[in-house]
$ cat work_33.txt   # compact mmCIF, C-alpha atoms and all ligand atoms
# COMPACT_ATOMS: atom_id res chain seq x y z
CA MET J 1 0.00 0.00 0.00
CA ARG J 2 1.25 3.47 -0.84
CA HIS J 3 0.76 6.38 1.56
CA SER J 4 -1.00 9.30 -0.08
CA PRO J 5 0.11 12.66 1.18
CA LYS J 6 -1.73 15.52 -0.47
CA ASN J 7 0.38 18.59 0.10
CA ILE J 8 4.12 18.38 0.39
CA LEU J 9 6.59 21.07 1.43
CA ILE J 10 9.98 20.72 -0.23
CA THR J 11 12.63 22.94 1.34
CA GLY J 12 15.47 23.52 -1.11
CA GLY J 13 12.96 22.56 -3.80
CA ALA J 14 14.67 24.72 -6.43
CA GLY J 15 17.91 22.75 -6.08
CA PHE J 16 19.16 19.82 -8.06
CA ILE J 17 17.39 16.99 -6.26
CA GLY J 18 14.50 19.19 -5.08
CA SER J 19 13.48 20.51 -8.49
CA CYS J 20 13.47 17.05 -10.11
CA LEU J 21 11.58 15.62 -7.15
CA SER J 22 9.05 18.49 -7.16
CA LEU J 23 8.25 18.04 -10.84
CA ARG J 24 7.89 14.29 -10.44
CA LEU J 25 5.52 14.83 -7.48
CA VAL J 26 3.47 17.39 -9.44
CA GLU J 27 3.12 14.82 -12.24
CA ALA J 28 1.90 12.31 -9.66
CA GLY J 29 -0.84 14.73 -8.57
CA TYR J 30 0.52 16.14 -5.32
CA GLY J 31 0.30 19.79 -4.32
CA ILE J 32 3.84 21.08 -3.90
CA VAL J 33 5.00 24.04 -1.83
CA ILE J 34 8.64 25.03 -2.24
CA LEU J 35 10.68 27.10 0.18
CA ASP J 36 14.04 28.07 -1.32
CA ASN J 37 16.23 31.15 -0.94
CA LEU J 38 17.68 30.73 -4.47
CA SER J 39 21.19 30.88 -3.07
CA PRO J 40 23.41 32.76 -5.58
CA GLN J 41 26.29 30.28 -5.08
CA ILE J 42 24.06 27.61 -6.59
CA HIS J 43 21.73 29.50 -8.89
CA GLY J 44 23.91 32.45 -9.98
CA PRO J 45 23.16 36.11 -9.23
CA ASP J 46 20.03 36.44 -11.37
CA THR J 47 17.50 33.65 -11.88
CA SER J 48 14.90 35.64 -13.82
CA GLY J 49 15.82 34.10 -17.19
CA ASN J 50 16.15 30.55 -15.89
CA SER J 51 13.51 28.61 -17.82
CA TRP J 52 13.83 25.48 -15.65
CA LEU J 53 13.10 27.52 -12.52
CA ASN J 54 10.32 29.44 -14.21
CA ALA J 55 8.62 26.18 -15.21
CA LEU J 56 8.96 24.95 -11.65
CA ARG J 57 7.47 28.16 -10.25
CA ALA J 58 4.52 27.89 -12.61
CA ARG J 59 3.65 24.41 -11.37
CA THR J 60 4.17 24.77 -7.61
CA ARG J 61 3.53 27.27 -4.87
CA PHE J 62 6.97 28.82 -4.74
CA VAL J 63 8.04 30.89 -1.76
CA ARG J 64 11.42 32.54 -1.87
CA GLY J 65 12.67 32.42 1.70
CA ASP J 66 15.12 31.00 4.15
CA VAL J 67 14.88 27.94 6.38
CA THR J 68 16.60 29.89 9.14
CA ASN J 69 13.82 32.49 9.11
CA ARG J 70 10.76 31.82 11.28
CA ALA J 71 8.42 34.09 9.30
CA ASP J 72 9.36 32.34 6.03
CA LEU J 73 8.72 28.90 7.50
CA LEU J 74 5.38 30.06 8.89
CA LYS J 75 4.32 30.94 5.34
CA VAL J 76 4.82 27.38 4.08
CA LEU J 77 4.02 25.05 6.98
CA PRO J 78 0.22 25.42 7.25
CA ASP J 79 -1.67 22.78 5.25
CA VAL J 80 1.22 20.48 4.36
CA ASP J 81 1.07 16.88 5.57
CA THR J 82 4.61 15.93 4.53
CA VAL J 83 7.86 17.88 4.78
CA VAL J 84 10.85 16.93 2.64
CA HIS J 85 13.80 18.87 4.03
CA LEU J 86 16.50 19.29 1.39
CA ALA J 87 17.64 22.90 1.89
CA ALA J 88 21.26 22.92 2.99
CA GLU J 89 24.72 24.21 2.32
CA THR J 90 26.49 21.29 0.63
CA GLY J 91 30.19 22.06 0.02
CA THR J 92 32.41 19.69 1.98
CA GLY J 93 35.60 21.72 1.50
CA GLN J 94 33.87 25.05 2.06
CA SER J 95 32.32 23.72 5.28
CA MET J 96 35.80 23.42 6.80
CA TYR J 97 36.14 27.20 7.03
CA ALA J 98 32.53 28.49 6.81
CA ILE J 99 31.86 26.53 9.98
CA GLN J 100 29.36 28.76 11.71
CA HIS J 101 27.39 29.36 8.52
CA TYR J 102 27.13 25.63 7.74
CA SER J 103 26.01 24.96 11.28
CA ASP J 104 23.48 27.84 11.24
CA VAL J 105 21.84 26.78 7.97
CA ASN J 106 21.99 23.00 8.24
CA VAL J 107 21.57 22.43 11.97
CA GLY J 108 19.86 25.72 12.92
CA GLY J 109 17.43 25.57 9.98
CA THR J 110 16.45 21.99 10.82
CA ALA J 111 16.03 22.85 14.50
CA LEU J 112 13.78 25.81 13.67
CA LEU J 113 11.66 23.74 11.30
CA LEU J 114 11.18 21.05 13.94
CA ASP J 115 10.56 23.63 16.66
CA LEU J 116 7.65 25.06 14.68
CA ILE J 117 6.24 21.61 13.90
CA ALA J 118 6.46 20.64 17.59
CA ASN J 119 4.99 23.85 18.96
CA GLU J 120 2.41 25.03 16.44
CA ARG J 121 -0.58 22.97 15.39
CA PHE J 122 0.50 22.00 11.90
CA PRO J 123 -0.92 18.82 10.39
CA VAL J 124 2.49 17.39 9.44
CA ARG J 125 2.48 13.55 9.51
CA LYS J 126 5.77 12.74 7.88
CA LEU J 127 9.29 14.13 7.69
CA VAL J 128 11.86 13.11 5.10
CA VAL J 129 15.34 14.60 5.47
CA ALA J 130 18.29 14.52 3.09
CA SER J 131 21.22 13.11 4.97
CA SER J 132 24.48 12.07 3.34
CA ARG J 133 27.05 9.34 3.12
CA ALA J 134 29.31 11.95 4.76
CA VAL J 135 27.96 10.83 8.14
CA TYR J 136 30.14 7.70 7.87
CA GLY J 137 33.40 9.52 7.31
CA GLU J 138 35.83 7.02 5.85
CA GLY J 139 33.38 4.12 5.94
CA LYS J 140 33.96 0.40 6.28
CA TYR J 141 37.05 -1.66 5.39
CA ARG J 142 38.41 -5.14 5.86
CA CYS J 143 41.84 -6.67 6.32
CA PRO J 144 41.72 -10.27 5.01
CA GLU J 145 43.62 -11.33 8.12
CA HIS J 146 42.46 -8.97 10.86
CA GLY J 147 38.81 -8.31 10.15
CA LEU J 148 36.69 -5.17 9.91
CA PHE J 149 37.87 -1.62 10.51
CA TYR J 150 36.33 1.84 10.43
CA PRO J 151 39.48 3.87 9.88
CA ALA J 152 39.87 7.44 11.03
CA ALA J 153 40.69 10.23 8.55
CA ARG J 154 44.02 9.73 6.80
CA SER J 155 47.01 11.59 8.15
CA ASP J 156 48.60 14.53 6.43
CA VAL J 157 52.00 12.83 6.79
CA ASP J 158 50.88 9.69 4.90
CA MET J 159 49.14 11.63 2.16
CA ALA J 160 52.10 13.96 1.67
CA GLN J 161 54.14 10.79 0.92
CA GLY J 162 51.58 9.56 -1.59
CA MET J 163 50.20 6.89 0.74
CA PHE J 164 46.52 7.31 0.04
CA GLU J 165 45.07 3.87 0.83
CA HIS J 166 43.95 3.01 4.33
CA ARG J 167 46.17 0.47 6.02
CA CYS J 168 45.49 -2.22 8.56
CA PRO J 169 46.52 -0.93 11.99
CA VAL J 170 47.81 -4.44 12.85
CA CYS J 171 49.71 -5.62 9.75
CA ALA J 172 49.90 -2.36 7.71
CA GLN J 173 48.60 -4.08 4.55
CA PRO J 174 46.22 -1.97 2.43
CA LEU J 175 42.62 -2.45 3.60
CA GLN J 176 39.86 -3.55 1.23
CA LEU J 177 36.73 -1.43 0.83
CA VAL J 178 33.48 -2.98 2.09
CA PRO J 179 30.02 -1.57 1.25
CA THR J 180 28.96 0.69 4.13
CA ASP J 181 25.69 -0.41 5.76
CA GLU J 182 23.48 1.75 7.97
CA SER J 183 24.81 0.25 11.20
CA SER J 184 28.38 1.23 10.34
CA VAL J 185 30.24 3.57 12.67
CA LEU J 186 29.23 7.22 12.27
CA GLN J 187 32.30 9.46 12.31
CA PRO J 188 31.94 12.36 9.89
CA SER J 189 35.29 13.85 8.87
CA SER J 190 33.99 17.23 7.68
CA VAL J 191 31.87 19.98 9.20
CA TYR J 192 29.38 19.28 6.42
CA GLY J 193 29.16 15.63 7.56
CA VAL J 194 28.73 16.67 11.19
CA THR J 195 25.83 18.94 10.25
CA LYS J 196 24.18 16.20 8.14
CA LEU J 197 24.41 13.82 11.07
CA ALA J 198 22.89 16.43 13.39
CA GLN J 199 20.11 17.06 10.87
CA GLU J 200 19.14 13.42 10.58
CA GLN J 201 19.32 12.78 14.31
CA LEU J 202 17.21 15.86 15.09
CA VAL J 203 14.56 14.76 12.59
CA LEU J 204 14.50 11.16 13.82
CA ALA J 205 14.40 12.12 17.50
CA VAL J 206 11.65 14.71 17.10
CA GLY J 207 9.65 12.53 14.68
CA LYS J 208 9.71 9.69 17.16
CA ALA J 209 8.72 11.90 20.08
CA LEU J 210 5.80 13.43 18.17
CA GLY J 211 4.62 10.14 16.69
CA ILE J 212 5.35 11.35 13.14
CA SER J 213 7.08 9.19 10.53
CA ALA J 214 10.66 10.34 10.02
CA ILE J 215 12.95 9.01 7.32
CA ALA J 216 16.56 10.07 6.72
CA LEU J 217 18.02 9.27 3.32
CA ARG J 218 21.79 9.02 3.20
CA TYR J 219 22.35 9.96 -0.44
CA GLN J 220 25.67 9.04 -2.03
CA ASN J 221 27.06 11.28 -4.85
CA VAL J 222 24.01 12.28 -6.85
CA TYR J 223 24.65 13.49 -10.41
CA GLY J 224 22.81 14.13 -13.64
CA PRO J 225 21.07 16.75 -15.76
CA GLY J 226 20.10 19.77 -13.67
CA GLN J 227 22.99 19.72 -11.21
CA SER J 228 24.58 23.10 -10.55
CA LEU J 229 27.29 23.74 -13.14
CA SER J 230 28.21 27.06 -11.55
CA ASN J 231 28.90 26.01 -7.96
CA PRO J 232 32.67 25.42 -7.80
CA TYR J 233 32.42 23.88 -4.34
CA THR J 234 30.47 20.73 -5.15
CA GLY J 235 30.14 18.04 -7.76
CA ILE J 236 33.21 16.71 -9.57
CA LEU J 237 31.17 16.05 -12.69
CA SER J 238 30.26 19.73 -12.89
CA ILE J 239 33.80 20.82 -12.16
CA PHE J 240 35.35 18.45 -14.71
CA SER J 241 32.84 19.15 -17.45
CA THR J 242 33.06 22.93 -17.04
CA ARG J 243 36.86 22.73 -17.24
CA MET J 244 36.69 20.42 -20.26
CA ARG J 245 34.48 22.89 -22.06
CA HIS J 246 37.09 25.59 -21.36
CA GLU J 247 39.78 23.15 -22.59
CA SER J 248 41.49 23.63 -19.21
CA PRO J 249 43.61 20.87 -17.70
CA ILE J 250 41.91 18.47 -15.32
CA ASN J 251 43.73 18.03 -12.05
CA ILE J 252 42.91 14.64 -10.53
CA PHE J 253 43.71 14.53 -6.83
CA GLU J 254 45.60 11.75 -5.04
CA ASP J 255 46.41 8.89 -7.44
CA GLY J 256 43.06 9.01 -9.25
CA LEU J 257 41.97 5.69 -7.76
CA GLU J 258 39.85 7.27 -5.01
CA SER J 259 36.29 6.16 -5.60
CA ARG J 260 32.72 7.25 -5.01
CA ASP J 261 29.27 5.76 -5.33
CA PHE J 262 27.60 7.80 -8.11
CA LEU J 263 23.81 7.78 -8.14
CA TYR J 264 21.87 9.03 -11.13
CA ILE J 265 19.31 11.74 -10.31
CA ASP J 266 16.26 9.74 -11.48
CA ASP J 267 17.23 6.96 -9.10
CA ALA J 268 17.67 9.44 -6.22
CA VAL J 269 14.19 10.83 -6.98
CA GLU J 270 12.71 7.33 -7.15
CA ALA J 271 14.11 6.40 -3.72
CA THR J 272 12.78 9.67 -2.26
CA MET J 273 9.33 9.06 -3.76
CA ARG J 274 9.31 5.65 -2.10
CA ALA J 275 10.15 7.21 1.26
CA ILE J 276 7.38 9.80 0.83
CA GLU J 277 4.80 7.21 -0.16
CA TYR J 278 5.75 4.48 2.31
CA ALA J 279 2.47 3.77 4.07
CA GLU J 280 3.48 2.35 7.47
CA PRO J 281 4.64 4.50 10.38
CA LEU J 282 8.43 4.47 10.24
CA VAL J 283 11.36 6.20 11.92
CA ASP J 284 14.52 5.03 10.17
CA VAL J 285 17.59 5.78 8.03
CA PHE J 286 18.46 4.38 4.62
CA ASN J 287 21.44 4.45 2.31
CA VAL J 288 20.50 5.64 -1.16
CA GLY J 289 23.15 4.92 -3.76
CA SER J 290 24.11 2.84 -6.78
CA GLY J 291 25.98 0.18 -4.83
CA VAL J 292 28.91 0.52 -7.26
CA ALA J 293 32.26 2.25 -6.56
CA THR J 294 33.73 4.15 -9.51
CA ASP J 295 37.18 5.75 -9.34
CA VAL J 296 37.65 9.41 -10.17
CA LEU J 297 40.12 8.81 -13.01
CA THR J 298 37.58 6.58 -14.77
CA ILE J 299 34.97 9.29 -14.37
CA ALA J 300 37.28 11.92 -15.89
CA ARG J 301 38.26 9.70 -18.83
CA THR J 302 34.70 8.69 -19.58
CA LEU J 303 33.51 12.30 -19.46
CA HIS J 304 36.36 13.31 -21.73
CA ARG J 305 35.45 10.58 -24.21
CA TYR J 306 31.86 11.79 -24.37
CA LEU J 307 32.54 15.54 -24.25
CA GLY J 308 35.65 15.70 -26.43
CA GLY J 309 37.93 18.74 -26.33
CA GLY J 310 41.62 19.23 -25.66
CA SER J 311 41.82 19.08 -21.86
CA GLU J 312 44.77 17.19 -20.47
CA ILE J 313 44.00 14.87 -17.59
CA ASN J 314 46.75 14.99 -14.95
CA VAL J 315 46.94 12.92 -11.81
CA SER J 316 48.62 15.40 -9.47
CA GLY J 317 49.04 13.68 -6.11
CA GLN J 318 47.58 16.81 -4.50
CA TYR J 319 44.92 16.25 -1.89
CA ARG J 320 42.30 17.97 0.23
CA VAL J 321 42.12 17.62 3.98
CA GLY J 322 38.87 15.92 4.97
CA ASP J 323 38.36 14.04 1.68
CA ILE J 324 37.58 10.38 2.11
CA ARG J 325 39.37 7.70 0.10
CA HIS J 326 36.63 5.38 -1.12
CA ASN J 327 32.93 4.96 -0.79
CA VAL J 328 30.28 2.48 -1.76
CA ALA J 329 26.86 1.99 -0.18
CA ASP J 330 25.28 -1.25 0.98
CA LEU J 331 21.72 -1.10 -0.38
CA ALA J 332 20.23 -4.18 1.28
CA LYS J 333 18.06 -2.23 3.72
CA VAL J 334 16.63 0.33 1.30
CA ASN J 335 15.93 -2.52 -1.09
CA GLN J 336 14.23 -4.63 1.52
CA VAL J 337 12.11 -1.95 3.21
CA LEU J 338 11.45 0.63 0.49
CA GLY J 339 11.83 -1.76 -2.46
CA PHE J 340 14.39 0.56 -4.07
CA SER J 341 17.09 -0.56 -6.44
CA PRO J 342 18.95 1.74 -8.84
CA SER J 343 18.26 1.39 -12.55
CA VAL J 344 20.74 3.67 -14.38
CA SER J 345 24.34 2.49 -14.83
CA ILE J 346 27.21 4.96 -14.51
CA ASP J 347 27.94 4.72 -18.22
CA GLU J 348 24.35 5.42 -19.23
CA GLY J 349 24.11 8.18 -16.60
CA LEU J 350 27.29 9.92 -17.78
CA ASN J 351 26.04 9.74 -21.33
CA ARG J 352 22.78 11.45 -20.39
CA PHE J 353 24.66 14.00 -18.26
CA VAL J 354 26.93 14.94 -21.17
CA ASP J 355 23.98 15.26 -23.57
CA TRP J 356 22.48 17.75 -21.16
CA VAL J 357 25.72 19.67 -20.53
CA LYS J 358 26.21 20.19 -24.27
CA GLY J 359 22.92 22.10 -24.42
CA GLU J 360 23.76 24.34 -21.45
CA ARG J 361 25.59 27.68 -21.56
CA THR J 362 29.26 27.23 -20.67
CA GLN J 363 29.72 28.51 -17.12
CA SER J 364 32.64 30.67 -16.05
CA ASP J 365 35.23 28.50 -14.39
CA ARG J 366 35.69 29.56 -10.76
CA TYR J 367 37.26 26.32 -9.62
CA GLU J 368 40.81 27.67 -9.23
CA GLU J 369 39.45 30.42 -6.99
CA SER J 370 37.73 27.86 -4.79
CA LEU J 371 40.97 25.87 -4.52
CA ALA J 372 42.91 29.02 -3.68
CA GLU J 373 40.52 29.58 -0.77
CA LEU J 374 41.19 26.08 0.51
CA ARG J 375 44.94 26.49 0.03
CA ALA J 376 44.94 29.75 1.99
CA LYS J 377 43.35 27.91 4.92
CA GLY J 378 45.86 25.02 4.76
CA LEU J 379 43.16 22.61 3.56
CA PHE J 380 44.61 21.88 0.12
CA LYS J 381 48.11 20.50 -0.32
N1 LIG J 401 23.67 16.09 -4.56
C1 LIG J 401 24.31 15.20 -3.82
O1 LIG J 401 25.20 14.49 -4.28
C2 LIG J 401 23.93 15.00 -2.37
C3 LIG J 401 24.56 13.97 -1.65
C4 LIG J 401 24.25 13.78 -0.31
C5 LIG J 401 23.31 14.61 0.29
N2 LIG J 401 22.72 15.60 -0.42
C6 LIG J 401 21.78 16.48 0.28
O2 LIG J 401 20.60 16.60 -0.49
C7 LIG J 401 20.05 17.90 -0.33
C8 LIG J 401 19.82 18.55 -1.69
O3 LIG J 401 21.06 18.57 -2.38
P1 LIG J 401 21.19 19.15 -3.86
O4 LIG J 401 22.29 18.42 -4.52
O5 LIG J 401 19.86 19.22 -4.49
O6 LIG J 401 21.73 20.60 -3.51
P2 LIG J 401 21.48 22.01 -4.25
O7 LIG J 401 22.54 22.90 -3.74
O8 LIG J 401 21.30 21.83 -5.70
O9 LIG J 401 20.08 22.45 -3.65
C9 LIG J 401 19.94 23.01 -2.38
C10 LIG J 401 18.85 24.06 -2.48
O10 LIG J 401 18.67 24.63 -1.17
C11 LIG J 401 18.57 26.02 -1.30
N3 LIG J 401 19.04 26.61 -0.05
C12 LIG J 401 20.32 26.69 0.42
N4 LIG J 401 20.33 27.31 1.60
C13 LIG J 401 19.04 27.62 1.89
C14 LIG J 401 18.40 28.29 2.97
N5 LIG J 401 19.13 28.78 3.99
N6 LIG J 401 17.06 28.45 2.94
C15 LIG J 401 16.33 27.99 1.89
N7 LIG J 401 16.88 27.36 0.84
C16 LIG J 401 18.21 27.17 0.85
C17 LIG J 401 19.44 26.39 -2.48
O11 LIG J 401 19.07 27.62 -3.07
C18 LIG J 401 19.22 25.21 -3.41
O12 LIG J 401 18.16 25.47 -4.30
C19 LIG J 401 21.01 18.67 0.57
O13 LIG J 401 20.52 18.61 1.89
C20 LIG J 401 22.30 17.88 0.47
O14 LIG J 401 23.07 18.00 1.63
C21 LIG J 401 23.01 15.82 -1.73
ZN ZN J 402 45.80 -6.76 8.89
$ encode --input "work_33.txt" --output "structure tokens" --more "lines below"
Ligand SMILES: NC(=O)c1ccc[n+]([C@@H]2O[C@H](COP(=O)([O-])OP(=O)(O)OC[C@H]3O[C@@H](n4cnc5c(N)ncnc54)[C@H](O)[C@@H]3O)[C@@H](O)[C@H]2O)c1
Ligand SMILES: [Zn+2]
Amino acid sequence: MRHSPKNILITGGAGFIGSCLSLRLVEAGYGIVILDNLSPQIHGPDTSGNSWLNALRARTRFVRGDVTNRADLLKVLPDVDTVVHLAAETGTGQSMYAIQHYSDVNVGGTALLLDLIANERFPVRKLVVASSRAVYGEGKYRCPEHGLFYPAARSDVDMAQGMFEHRCPVCAQPLQLVPTDESSVLQPSSVYGVTKLAQEQLVLAVGKALGISAIALRYQNVYGPGQSLSNPYTGILSIFSTRMRHESPINIFEDGLESRDFLYIDDAVEATMRAIEYAEPLVDVFNVGSGVATDVLTIARTLHRYLGGGSEINVSGQYRVGDIRHNVADLAKVNQVLGFSPSVSIDEGLNRFVDWVKGERTQSDRYEESLAELRAKGLFK
């Protein structure tokens, strides 16, 4: 049986995941209210000519406002039965120096939202919050001889010597990556990850106390048409493709073999729909990913093959403090409970992403600036 909410508030509904989700929910017949501040870092300084956003505004009740502002939240909370909380600051590297701001928006905004739901008489019956794989930090590994480990962040000393793989603390052999399940140790290694963990725990604790369903989705790296091409702080696919279109060299960090679990946007939306429509009362967390680890060098080469151009791809050995080495999600739980399994392979997804990028205006390339900021703070070596 599918749960049938009628009116759904999507905070951050103008963003990458939020806009695709909102349109899919409109198609399915739901009434959608969006609260989004149209952050210039993500949307650029002027959104008036953005046809994607204009189409979204025409089909939803769109309120431009901030999740840290009580009056803005009070405009959107009456009459919604489900809240999908996506609004957040999302740059891992940036979070390491914009610490108070990340905490104010991600933790403070979630706290205010929950405060209003707990104290005012709104008919909210379900909360869905976007968490992140960042809550796990480095994730789960195995030594064939010495068992499972949840390693701490890698040391600057090791990385400076080009030792990027995690090693067994007993025998010093390289550890093997294991898919991270939901009961893995939670030890975020970035301020961003800390705020995502606080967000999900606030939502779960308050949902449980109020007798409201609360579901946290730990998204892996979501990519696809519609992702911000102008935000230099997030999304390696955006960063690489923008640089390729400028024919600028691509600097691959570490040894290029660092990996991520890349999830195509339609699959992320599908998993979120399933959480929204799940009929039973539920307070729980789920990984949402592809279940496949792809290394960054492979991503760059595949993109280059599809996009063409004269960019050189260089593996630089440089690294960012707080970056994890590998990541892949265990999807058993989300499959079992929500019936979700991903349907778009990385190759197919990259193909669709490139088709979309080719039709977009080439963005100015502000990536070097963003790296210079990190370097100035000692976070990029
Ligand atoms: N995209 C990913 O790979 C990924 C991975 C893990 C988790 N997530 C989480 O999913 C959620 C959505 O991510 P996304 O990729 O769509 O990001 P996005 O940056 O494209 O969208 C975020 C939206 O929130 C809005 N926003 C930012 N601050 C706000 C504020 N103070 N008040 C109101 N609106 C605000 C922005 O304008 C933007 O439209 C975020 O919570 C993010 O942490 C995303
Ligand atoms: Zn060992």
$ closest_residue --input "work_33.txt" --among "J:Asp284, J:Val269, J:Val203, J:Tyr278" --to "Arg24 of chain J" --atoms "all atoms listed in the file"
J:Val269
$ residues_around --input "work_33.txt" --residues "Gly147 of chain J" --least-positions-apart "2" --cutoff "12 Å" --atoms "only C-alpha atoms" --output "list of chain:residue names"
J:Lys140, J:Tyr141, J:Arg142, J:Cys143, J:Pro144, J:Glu145, J:Phe149, J:Tyr150, J:Cys168, J:Pro169, J:Val170, J:Cys171, J:Leu175, J:Gln176, J:Leu177, J:Val178
$ atom_distance --input "work_33.txt" --atom1 "atom CA of Ala216 of chain J" --atom2 "atom CA of Val296 of chain J"
27.0 Å
$ atom_distance --input "work_33.txt" --atom1 "atom CA of Gly309 of chain J" --atom2 "atom CA of Asp347 of chain J"
19.0 Å
$ residues_around --input "work_33.txt" --residues "segment 117-128 of chain J" --least-positions-apart "2" --cutoff "8 Å" --atoms "only C-alpha atoms" --output "ChimeraX atom specification"
/J:77-85,113-115,130,203,206-207,210,212-217,275-276
$ residues_near_ligand --input "work_33.txt" --ligand "ligand LIG 401 (chain J)" --cutoff "8 Å" --atoms "only C-alpha atoms and all ligand atoms" --output "ChimeraX atom specification"
/J:11-19,35-43,64-68,85-90,105-106,109,129-134,196,218-223,227-228,235,263
$ atom_distance --input "work_33.txt" --atom1 "atom CA of Met163 of chain J" --atom2 "atom CA of Gly139 of chain J"
17.8 Å
$ closest_residue --input "work_33.txt" --among "J:Ala172, J:Ile34, J:Leu331, J:Leu237" --to "ligand ZN 402 (chain J)" --atoms "only C-alpha atoms and all ligand atoms"
J:Ala172
$ closest_residue --input "work_33.txt" --among "J:Ile299, J:Ile252, J:Val283, J:Leu186" --to "Lys208 of chain J" --atoms "only C-alpha atoms"
J:Val283
$ closest_residue --input "work_33.txt" --among "J:Pro174, J:Gly359, J:Gly93, J:Gly310" --to "Pro249 of chain J" --atoms "all atoms listed in the file"
J:Gly310
$ axis_aligned_box --input "work_33.txt" --around "segment 268-277 of chain J" --padding-each-side "5 Å" --output "JSON"
{"center_x": 11.2, "center_y": 8.2, "center_z": -2.9, "size_x": 22.9, "size_y": 15.2, "size_z": 18.4}
$ closest_residue --input "work_33.txt" --among "J:Val328, J:Val354, J:Leu148, J:Ala376" --to "ligand ZN 402 (chain J)" --atoms "only C-alpha atoms and all ligand atoms"
J:Leu148
$ residues_near_point --input "work_33.txt" --point "(42.0, 10.1, 8.1)" --cutoff "10 Å" --atoms "all atoms listed in the file" --output "JSON, numbers by chain"
{"J": [137, 138, 151, 152, 153, 154, 155, 156, 158, 159, 164, 166, 189, 321, 322, 323, 324, 325]}
$ closest_residue --input "work_33.txt" --among "J:Val288, J:Ala71, J:Ala209, J:Ala160" --to "Phe262 of chain J" --atoms "all atoms listed in the file"
J:Val288
$ residues_around --input "work_33.txt" --residues "Ser51 of chain J" --least-positions-apart "6" --cutoff "12 Å" --atoms "all atoms listed in the file" --output "PyMOL selection string"
chain J and resi 57-58+226+360
$ decode --input "work_33.txt" --residues "segment 12-23 of chain J" --atoms "N, CA and C atoms" --output "short mmCIF file (atom, residue, chain, number, x, y, z; two decimals), in the first residue's frame"
data_model
loop_
_atom_site.label_atom_id
_atom_site.label_comp_id
_atom_site.auth_asym_id
_atom_site.auth_seq_id
_atom_site.Cartn_x
_atom_site.Cartn_y
_atom_site.Cartn_z
N GLY J 12 14.41 23.73 -0.12
CA GLY J 12 15.47 23.52 -1.11
C GLY J 12 14.92 22.94 -2.41
N GLY J 13 13.64 23.17 -2.65
CA GLY J 13 12.96 22.56 -3.80
C GLY J 13 13.38 23.12 -5.15
N ALA J 14 14.16 24.21 -5.15
CA ALA J 14 14.67 24.72 -6.43
C ALA J 14 16.02 24.11 -6.78
N GLY J 15 16.58 23.33 -5.85
CA GLY J 15 17.91 22.75 -6.08
C GLY J 15 17.87 21.56 -7.01
N PHE J 16 19.00 20.93 -7.11
CA PHE J 16 19.16 19.82 -8.06
C PHE J 16 18.18 18.68 -7.76
N ILE J 17 18.29 18.11 -6.59
CA ILE J 17 17.39 16.99 -6.26
C ILE J 17 15.96 17.51 -6.09
N GLY J 18 15.82 18.66 -5.40
CA GLY J 18 14.50 19.19 -5.08
C GLY J 18 13.66 19.53 -6.29
N SER J 19 14.28 20.10 -7.32
CA SER J 19 13.48 20.51 -8.49
C SER J 19 13.01 19.28 -9.27
N CYS J 20 13.88 18.28 -9.40
CA CYS J 20 13.47 17.05 -10.11
C CYS J 20 12.40 16.32 -9.32
N LEU J 21 12.57 16.28 -8.00
CA LEU J 21 11.58 15.62 -7.15
C LEU J 21 10.24 16.36 -7.22
N SER J 22 10.29 17.70 -7.15
CA SER J 22 9.05 18.49 -7.16
C SER J 22 8.26 18.23 -8.44
N LEU J 23 8.96 18.25 -9.57
CA LEU J 23 8.25 18.04 -10.84
C LEU J 23 7.66 16.64 -10.93
#
